Amino acid sequence: MLGFYFKYLMLYITLFFSAFVSATLLPSSSEVVLVTMISQAKANLWLLWLAATSGNVLGSCVNYWLGTHVLRFKHKKWFPVSAKGLEKAQSQFKKYGVYSLLFAWLPIVGDPLTVIGGIFKVRFSLFLLLVSIGKGARYLAVIALASGAQAVL
């Protein structure tokens, strides 16, 4: 009986870490892991949502923290963004506003958005709320689509 619970605990922990890595600047795809878990395991969908969302939001918080410290290196030769690039990012962020963090779930632009949120010192509570809403909604949609497709099959 204990092995049964351990199996599911490991399932949720694996998804949490997959979602965490996916939210950092490292390449990964937690949606594939989530859909696979839905199709192959009889796991609780709400716990899957909680594991994926919390891992992904925590990864975004790491990006935010990195953003709060990254500008001290902007004058180094190896710094990946030029002064002009930083100005452009700030301009875009001001243009679209802090609410652009609702789109932190998007591929390619989402992770840098969370770093930019840290660079421009978005109030952390607002950052956390907006990123959580966007990422939670994304995983809810993935679960709904995957479990709906599984029910059809």
# chains A, B, ... in the order shown; residues from 1 in each chain; ligands from 1
$ residues_around --residues "Ala89 (chain A)" --least-positions-apart "5" --cutoff "10 Å" --atoms "only C-alpha atoms" --output "mmCIF file with C-alpha atoms, in the first residue's frame"
data_model
loop_
_atom_site.group_PDB
_atom_site.id
_atom_site.type_symbol
_atom_site.label_atom_id
_atom_site.label_comp_id
_atom_site.auth_asym_id
_atom_site.auth_seq_id
_atom_site.Cartn_x
_atom_site.Cartn_y
_atom_site.Cartn_z
ATOM 1 C CA VAL A 81 22.193 42.320 -23.868
ATOM 2 C CA ALA A 83 22.463 48.977 -23.484
ATOM 3 C CA LYS A 84 20.261 49.629 -26.527
ATOM 4 C CA LYS A 94 6.375 50.157 -20.180
ATOM 5 C CA LYS A 95 4.274 50.155 -23.363
ATOM 6 C CA PRO A 112 12.473 36.504 -20.496
ATOM 7 C CA LEU A 113 9.360 38.444 -19.430
ATOM 8 C CA ILE A 116 12.418 41.644 -17.149
ATOM 9 C CA PHE A 120 12.367 46.613 -13.665
#
$ residues_around --residues "region 8-18 of chain A" --least-positions-apart "4" --cutoff "7 Å" --atoms "only C-alpha atoms" --output "JSON, numbers by chain"
{"A": [4, 22, 30, 33, 34, 43, 48, 51, 52, 55]}
$ residues_around --residues "Leu106 (chain A)" --least-positions-apart "4" --cutoff "12 Å" --atoms "only C-alpha atoms" --output "ChimeraX atom specification"
/A:22-23,29,100-102,110-114,131,134-135,137-139
$ write_last_selection --atoms "N, CA, C and O atoms" --output "short mmCIF file (atom, residue, chain, number, x, y, z; two decimals), in the first residue's frame"
data_model
loop_
_atom_site.label_atom_id
_atom_site.label_comp_id
_atom_site.auth_asym_id
_atom_site.auth_seq_id
_atom_site.Cartn_x
_atom_site.Cartn_y
_atom_site.Cartn_z
N SER A 22 11.13 24.07 -16.74
CA SER A 22 10.51 24.69 -17.92
C SER A 22 10.35 26.19 -17.78
O SER A 22 10.35 26.92 -18.77
N ALA A 23 10.21 26.66 -16.55
CA ALA A 23 10.01 28.10 -16.32
C ALA A 23 11.31 28.87 -16.30
O ALA A 23 11.31 30.09 -16.47
N SER A 29 9.96 20.99 -21.57
CA SER A 29 8.54 21.08 -21.90
C SER A 29 7.73 20.27 -20.91
O SER A 29 7.53 19.07 -21.06
N SER A 100 1.56 42.48 -18.86
CA SER A 100 2.13 41.55 -19.84
C SER A 100 2.63 40.29 -19.14
O SER A 100 2.81 39.25 -19.77
N LEU A 101 2.85 40.36 -17.82
CA LEU A 101 3.28 39.18 -17.07
C LEU A 101 2.22 38.08 -17.07
O LEU A 101 2.53 36.92 -16.79
N LEU A 102 0.98 38.42 -17.40
CA LEU A 102 -0.05 37.39 -17.56
C LEU A 102 0.31 36.43 -18.69
O LEU A 102 -0.20 35.32 -18.76
N GLY A 110 7.97 34.19 -22.78
CA GLY A 110 7.48 34.16 -21.40
C GLY A 110 8.57 34.18 -20.34
O GLY A 110 8.50 34.94 -19.38
N ASP A 111 9.59 33.34 -20.51
CA ASP A 111 10.66 33.29 -19.51
C ASP A 111 11.43 34.61 -19.44
O ASP A 111 11.67 35.13 -18.35
N PRO A 112 11.82 35.19 -20.58
CA PRO A 112 12.47 36.50 -20.50
C PRO A 112 11.58 37.58 -19.86
O PRO A 112 12.08 38.48 -19.20
N LEU A 113 10.28 37.48 -20.06
CA LEU A 113 9.36 38.44 -19.43
C LEU A 113 9.50 38.43 -17.91
O LEU A 113 9.46 39.48 -17.26
N THR A 114 9.67 37.24 -17.34
CA THR A 114 9.79 37.15 -15.88
C THR A 114 11.13 37.72 -15.40
O THR A 114 11.19 38.30 -14.32
N VAL A 131 1.71 36.19 -12.70
CA VAL A 131 2.35 35.00 -13.25
C VAL A 131 1.56 33.75 -12.86
O VAL A 131 1.35 32.85 -13.68
N GLY A 134 -1.67 33.48 -15.04
CA GLY A 134 -1.37 33.07 -16.42
C GLY A 134 -0.95 31.62 -16.51
O GLY A 134 -1.45 30.85 -17.33
N LYS A 135 -0.03 31.21 -15.66
CA LYS A 135 0.49 29.85 -15.72
C LYS A 135 -0.55 28.84 -15.23
O LYS A 135 -0.67 27.75 -15.79
N ALA A 137 -3.80 29.15 -15.51
CA ALA A 137 -4.79 29.02 -16.58
C ALA A 137 -4.27 28.15 -17.72
O ALA A 137 -5.00 27.34 -18.29
N ARG A 138 -2.99 28.32 -18.05
CA ARG A 138 -2.39 27.51 -19.11
C ARG A 138 -2.45 26.02 -18.76
O ARG A 138 -2.86 25.19 -19.56
N TYR A 139 -2.03 25.66 -17.53
CA TYR A 139 -2.05 24.24 -17.14
C TYR A 139 -3.48 23.71 -17.02
O TYR A 139 -3.73 22.55 -17.33
#
$ atom_distance --atom1 "CA of Gly59 (chain A)" --atom2 "CA of Phe20 (chain A)"
4.6 Å
